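Presented below is the structure to which this report refers.
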Protein chains: 2
Amino acid sequence: MLQADSVRPAVGVTGATPAPREVPARILPVPGTVSPELQALIGAPLRSGWDTPPTTPEGWKALAAAGLAAARPNVAAMAARLQVTITPGTLAGVRIFTVTPAAIAPRNGDRLLVQIHGGCYVLNPAEAGLPEAILIAGLGGFKVIAVDYRMPPEAYFPAALDDAMAVWKALSATGDARRMGLIGTSAGGALVLAMALRAKRDNVPMPGAIASGTPMSDVTKTGDSFQTNAFVDNVLVSTDGFCDAAVRFYANGHDLDDPLLSSVYGDMQGFSPTILTTGTRDLLLSNTVRVHRKLRALGIVSDLHVYEGQSHAHYGRDERIPETREAFSEITAFFDKHLVGCADSSVR
Amino acid sequence: MLQADSVRPAVGVTGATPAPREVPARILPVPGTVSPELQALIGAPLRSGWDTPPTTPEGWKALAAAGLAAARPNVAAMAARLQVTITPGTLAGVRIFTVTPAAIAPRNGDRLLVQIHGGCYVLNPAEAGLPEAILIAGLGGFKVIAVDYRMPPEAYFPAALDDAMAVWKALSATGDARRMGLIGTSAGGALVLAMALRAKRDNVPMPGAIASGTPMSDVTKTGDSFQTNAFVDNVLVSTDGFCDAAVRFYANGHDLDDPLLSSVYGDMQGFSPTILTTGTRDLLLSNTVRVHRKLRALGIVSDLHVYEGQSHAHYGRDERIPETREAFSEITAFFDKHLVGCADSSVR
C-alpha cells in the first residue's frame with residue numbers, strides 16, 4: 001500500500017541501509033516548454049566525438065585550432081549583430097581582447113568586466129573564447145576585458161589561473177575593484193571562483209560581483225548530476241568524456257581536488273556576491289548548486305538560475321535564442337545591483 | 001571529430017530538426033555529497049505502491065486515513081522535539097490547526113504564516129499535514145495557521161482552494177497582510193500560488209511573501225523533468241503514478257490547465273516575493289524552475305534553492321536531517337527579509 005512518506009521518519013534515523021537505484025532506459029522528448037530556438041539545441045544529437053578525445057598534446061592542439069577556425073566566422077557574425085568591437089592586445093604580459101559595445105550603458109561608465117572563457121581548459125583559444133564576452137558586452141552594455149589565457153600544451157596548471165590573476169591584479173590596481181566584475185562559464189566559471197580564492201590568499205582586491213556559469217567546480221567526478229544527467233546532457237554527455245580528459249591534460253598530474261582546480265572545496269568566506277547559472281539537463285547541475293549552497297551557508301549573497309531543459313552552457317550559445325537574452329538579462333541585473341556604479345559615492 | 005560546440009550557431013537558426021534522445025539504463029549510486037541522514041532518504045527504494053493508486057473514492061479515503069494513523073505518532077514526536085504546540089480549531093468555517101512555537105521570535109511578534117499542506121490534494125488530512133507547519137514554527141519561530149482543507153471524496157476542486165482562501169480572507173482582514181506569509185509544498189506549493197492568483201482576482205490583500213516548495217504548478221504532465229527525473233525521484237517516481245491519479249480525482253473532470261490547478265499558466269504580475277525550493281532529483285524540478293523563470297521575467301523578487309540529490313519534497317521530512325534545517329533557515333531568512341515586521345513603521 002502507498003505510504004504516507006511525507007511524515008515517515010528519515011530512514012537514516014531508523015537505520016535502514018541506503019542503496020543505489022536502477023533507472024530504466026528512456027526516450028526523452030524535446031520539451032515543449034522552451035522556445036523553438038532552444039528546442040533545436042536540446043534536440044541536437046550528442047556532441048560529436050564526445051567520447052573520442054585526443055590522446056596526444058599535438059592532438060589537443062590540433063583540435064583547439066580546428067575549433068578556432070570553425071568559430072571565427074560565427075564569432076565575427078555575433079559581434080556584428082550585437083555591434084561589439086573586438087581589439088586584441090596584451091596586459092601584464094597576457095593576451096587579452098578588449099570587447100566594447102557600440103554604447104556603454106551610462107550606469108556602466110566606470111565599470112568593467114573581466115571574462116574568462118570555458119573549453120575544459122584546453123579549447124576555445126583566441127576569438128573562440130569570446131562569445132560570452134560579446135554577449136555581456138552587447139546585451140548588457142559593459143566594457144569587457146577577455147583573457148586569452150595560455151592552455152596546454154603551451155602551458156599547464158596553474159597557467160590559466162596565473163594569467164587570469166595577472167590581468168585581474170593589473171586592472172584592479174587601476175581603480176575601485178568594486179566597480180569591476182568577473183564572468184566565466186564552465187572552466188571559466190571555475191576559474192572566476194578560483195580567482196576569488198587566490199585574491200583572498202594574495203590580498204588582491206575582491207571583485208564587486210561574480211557571474212559563474214555552470215562551473216567546473218569539482219573535477220573529481222563527484223556530484224550527483226554527473227550520474228543523473230549522464231547521457232541527458234548532450235554537450236558534455238558523461239563524466240567519462242572529452243572534458244574530463246581535457247582537465248586531466250591541463251592538471252598535468254596535479255591533485256584534482258586542489259581548490260584551485262575544484263573550487264567547491266575552497267574556503268569561500270568573504271566572497272563577492274555571486275550569480276550562478278545552469279540548466280535542468282546540465283551534467284554540472286550539481287557542481288553549480290553545490291557552490292550555491294556553500295556560498296549561502298556562509299551568508300554570501302548568491303542567486304541561482306536554472307533554465308528549463310538546458311544542457312551544459314546552452315544558455316551562452318546565441319543571442320537569437322530568447323533564453324540566452326533572458327539569462328544575460330539576469331546577469332546584467334545582478335552586476336547592476338552589486339557593482340559599485342557611477343551613482344554610488346559612498347562606500348557600500 | 002570533436003567540434004567547437006560553444007560557438008556553433010543554434011541548430012534552429014540553421015534549420016536542423018530536433019529529435020528525442022535515447023538515454024541508456026543506469027545505476028545511480030547514493031551521492032556522497034550530502035549528509036548521511038539525507039543519504040538514507042536518497043537511498044530508499046521507490047515509494048511503495050507508487051504505481052498502484054486506489055481506483056475508488058473509498059479506496060482513496062482509506063489510504064488517507066491509513067496515512068494519518070501512521071503519521072500521528074511521528075508528527076507528535078516532531079512537535080515535541082521542536083517544542084511546538086498544536087491546537088485544533090476552525091476559522092471561517094474551515095478546519096485549522098494553530099501551531100505555536102515555545103518562543104515566538106521577537107521580530108515575528110506581529111507576523112503570521114498560513115501553511116497549506118501537500119499530498120496531491122487527497123492525502124495528509126488533519127495532523128498528517130502538519131510537518132511543514134511544525135518545522136517553520138519550531139525552526140523559524142513563527143506562529144502558523146495550518147489549513148486542514150476539505151479533500152475528496154468529501155469535496156472536489158476548487159474546495160481546497162476555497163477553504164484556503166476563506167482562511168486567508170479572514171486572517172488578512174485582521175491586520176496588515178504584509179506581515180503575513182504563505183507557505184506550502186507540493187500540492188500546497190501550488191495552492192499558495194493559486195491563492196495569490198485568486199487574491200489578485202478577488203481584490204483580497206496579497207501576502208507579504210510566499211514560500212512555495214516544489215509546487216505542482218503544472219498538472220498537465222508538461223515539463224522536462226517529468227521525463228528526465230522519471231525513476232530518478234524515489235518519492236513521486238513518475239508522472240504516471242499515484243500523484244497524477246490523485247490530482248485527476250480531485251479535479252473531478254475540471255480542465256487540468258486551469259491556472260487554479262496549474263498555476264504556471266496564471267498571470268503572476270504583481271506577485272509577492274516568492275522563495276522556491278526543489279532538488280536535483282525532483283520530478284517537479286521543471287515545475288519549480290518554470291515558476292521561478294516566470295516570476296523573474298515579470299521582475300518579481302524570487303529566490304530559487306535547489307538541493308543536491310533530493311527528490312520531491314525531501315527537504316521537508318525531518319529536522320534531524322541537516323539539509324532540512326538548511327532549507328528552513330533559507331525560508332526563514334526570506335520571510336524575515338520580506339515580511340513587514342515589528343521594526344518597520346514605514347510603508348515598504
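By order of appearance in the C-alpha cells: chains A, B, ..., then residues from 1 within every chain, and ligands from 1 in the order shown.
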message: Need the shell around A:Tyr121: protein/DNA/RNA residues with any atom at most 8 Å away, counting only C-alpha atoms. Skip same-chain ones fewer than 5 positions apart. Format as number ranges by chain?
response: A: 151-152, 160, 187, 246-247, 250
- request: Tell me the residues of chain A close to chain B, meaning within 6 Å using only C-alpha atoms, as an MDAnalysis selection string.
  value: chainID A and resid 1:2 4 7 11:12 18:31 37 40:41 43:44 48:49 67 71 224 231 304 309
Residues flagged helix (DSSP H, G or I) by DSSP in stretch 111-340 of chain A, as a ChimeraX atom specification: /A:126-129,131-140,159-172,177-179,187-202,225-228,242-251,263-265,285-297,314-316,322-338
Do you know which residues are at most 10 Å from A:Pro106 counting only C-alpha atoms, after dropping those on the same chain fewer than 6 positions away, and could you put them as an mmCIF file with N, CA and C atoms, in the first residue's frame?
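In the end it all went to part16.cif:
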data_model
loop_
_atom_site.group_PDB
_atom_site.id
_atom_site.type_symbol
_atom_site.label_atom_id
_atom_site.label_comp_id
_atom_site.auth_asym_id
_atom_site.auth_seq_id
_atom_site.Cartn_x
_atom_site.Cartn_y
_atom_site.Cartn_z
ATOM 1 N N GLY A 141 25.738 46.065 -22.129
ATOM 2 C CA GLY A 141 26.313 47.406 -22.213
ATOM 3 C C GLY A 141 27.547 47.612 -21.354
ATOM 4 N N PHE A 142 28.349 46.557 -21.218
ATOM 5 C CA PHE A 142 29.576 46.637 -20.428
ATOM 6 C C PHE A 142 30.811 46.633 -21.330
ATOM 7 N N GLY A 341 28.594 51.698 -8.845
ATOM 8 C CA GLY A 341 28.418 52.391 -10.111
ATOM 9 C C GLY A 341 28.649 53.877 -9.983
ATOM 10 N N CYS A 342 28.459 54.554 -11.097
ATOM 11 C CA CYS A 342 28.734 55.990 -11.132
ATOM 12 C C CYS A 342 27.887 56.749 -10.120
ATOM 13 N N ALA A 343 26.696 56.264 -9.848
ATOM 14 C CA ALA A 343 25.799 56.987 -8.946
ATOM 15 C C ALA A 343 26.170 56.767 -7.479
#
field: Spatial neighbours of stretch 207-215 of chain B, max dist 9 Å, only C-alpha atoms, sep filter under 5 positions, as number ranges by chain
entry: B: 168, 172, 176-193, 196, 199, 263, 271-279, 282-285, 287-289, 291, 312-313, 316, 331, 334-335, 338-340
For the selection you just gave me, I'd like the residues written to a file as a compact mmCIF listing (two decimals), in the first residue's frame, keeping C-alpha atoms.
# COMPACT_ATOMS: atom_id res chain seq x y z
CA TRP B 168 -6.65 33.87 4.19
CA SER B 172 -5.74 39.19 6.18
CA ASP B 176 -1.59 44.21 7.85
CA ALA B 177 -1.39 41.37 5.33
CA ARG B 178 2.17 42.42 4.55
CA ARG B 179 3.04 40.94 7.95
CA MET B 180 1.63 37.58 6.85
CA GLY B 181 3.16 34.94 4.62
CA LEU B 182 2.01 31.78 2.85
CA ILE B 183 3.93 28.51 2.89
CA GLY B 184 3.19 25.21 1.19
CA THR B 185 4.86 22.27 -0.52
CA SER B 186 3.82 20.12 -3.49
CA ALA B 187 0.01 20.47 -3.79
CA GLY B 188 0.41 23.04 -1.02
CA GLY B 189 3.11 24.78 -3.04
CA ALA B 190 0.66 25.03 -5.92
CA LEU B 191 -2.17 26.13 -3.66
CA VAL B 192 -0.21 29.08 -2.24
CA LEU B 193 0.47 30.23 -5.82
CA ALA B 196 -2.12 34.66 -4.83
CA ALA B 199 -6.30 37.19 -4.18
CA SER B 263 -0.55 27.89 -11.64
CA PHE B 271 3.00 38.70 -7.11
CA SER B 272 4.57 38.84 -3.67
CA PRO B 273 8.26 38.00 -3.21
CA THR B 274 8.48 34.22 -3.56
CA ILE B 275 11.06 31.67 -2.47
CA LEU B 276 11.08 28.38 -4.38
CA THR B 277 12.69 25.14 -3.15
CA THR B 278 13.41 21.91 -5.03
CA GLY B 279 16.06 19.20 -5.50
CA ASP B 282 12.86 16.18 -8.06
CA LEU B 283 10.25 15.09 -10.61
CA LEU B 284 8.93 18.65 -10.20
CA LEU B 285 12.30 20.35 -10.79
CA ASN B 287 7.63 22.76 -12.40
CA THR B 288 9.68 24.74 -9.90
CA VAL B 289 12.19 26.42 -12.18
CA VAL B 291 7.64 29.26 -11.94
CA HIS B 312 10.32 15.57 -4.35
CA ALA B 313 9.92 17.39 -1.02
CA GLY B 316 10.68 18.87 4.45
CA ILE B 331 12.86 30.11 4.11
CA PHE B 334 13.39 35.05 3.19
CA PHE B 335 10.32 35.74 5.34
CA HIS B 338 10.30 40.40 3.01
CA LEU B 339 7.53 40.35 5.63
CA VAL B 340 6.84 43.68 7.28
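Among B:Val219, B:Ala155, B:Asp244, B:Leu261, the residue with the shortest atom-to-atom distance to B:Arg198, counting only C-alpha atoms, is B:Leu261.
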message: Residues near B:Leu256, anyone? I mean within 9 Å using only C-alpha atoms, not counting same-chain ones fewer than 3 positions away, as a ChimeraX atom specification.
response: /B:218-220,247-248,251,253,259-262
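The gap separating atom CA of A:Phe249 from atom CA of A:Pro88 is 27.2 Å, in Å to one decimal.
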field: Computed interatomic separation between atom CA of B:Thr98 and atom CA of B:Leu171 (Å)
entry: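 Interatomic distance here is 12.4 Å.
Of the listed residues B:Asp110, B:Ala194, B:Ile136, B:Thr55, the one whose atoms come nearest to B:Arg325 is B:Ile136, with distances taken using only C-alpha atoms.
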task: Work out how far apart atom CA of A:Ala62 and atom CA of A:Val167 are and give it in Å to one decimal.
output: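 Separation between atom CA of A:Ala62 and atom CA of A:Val167: 26.9 Å.
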- request: DSSP on the backbone, then: every residue of stretch 116-189 of chain B marked strand (DSSP E), written as a list in words.
  value: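 Across stretch 116-189 of chain B, those assigned strand (DSSP E) are Ile116, Val144, Ile145, Ala146, Val147, Met180, Gly181, Leu182, Ile183, Gly184 and Thr185 of chain B.
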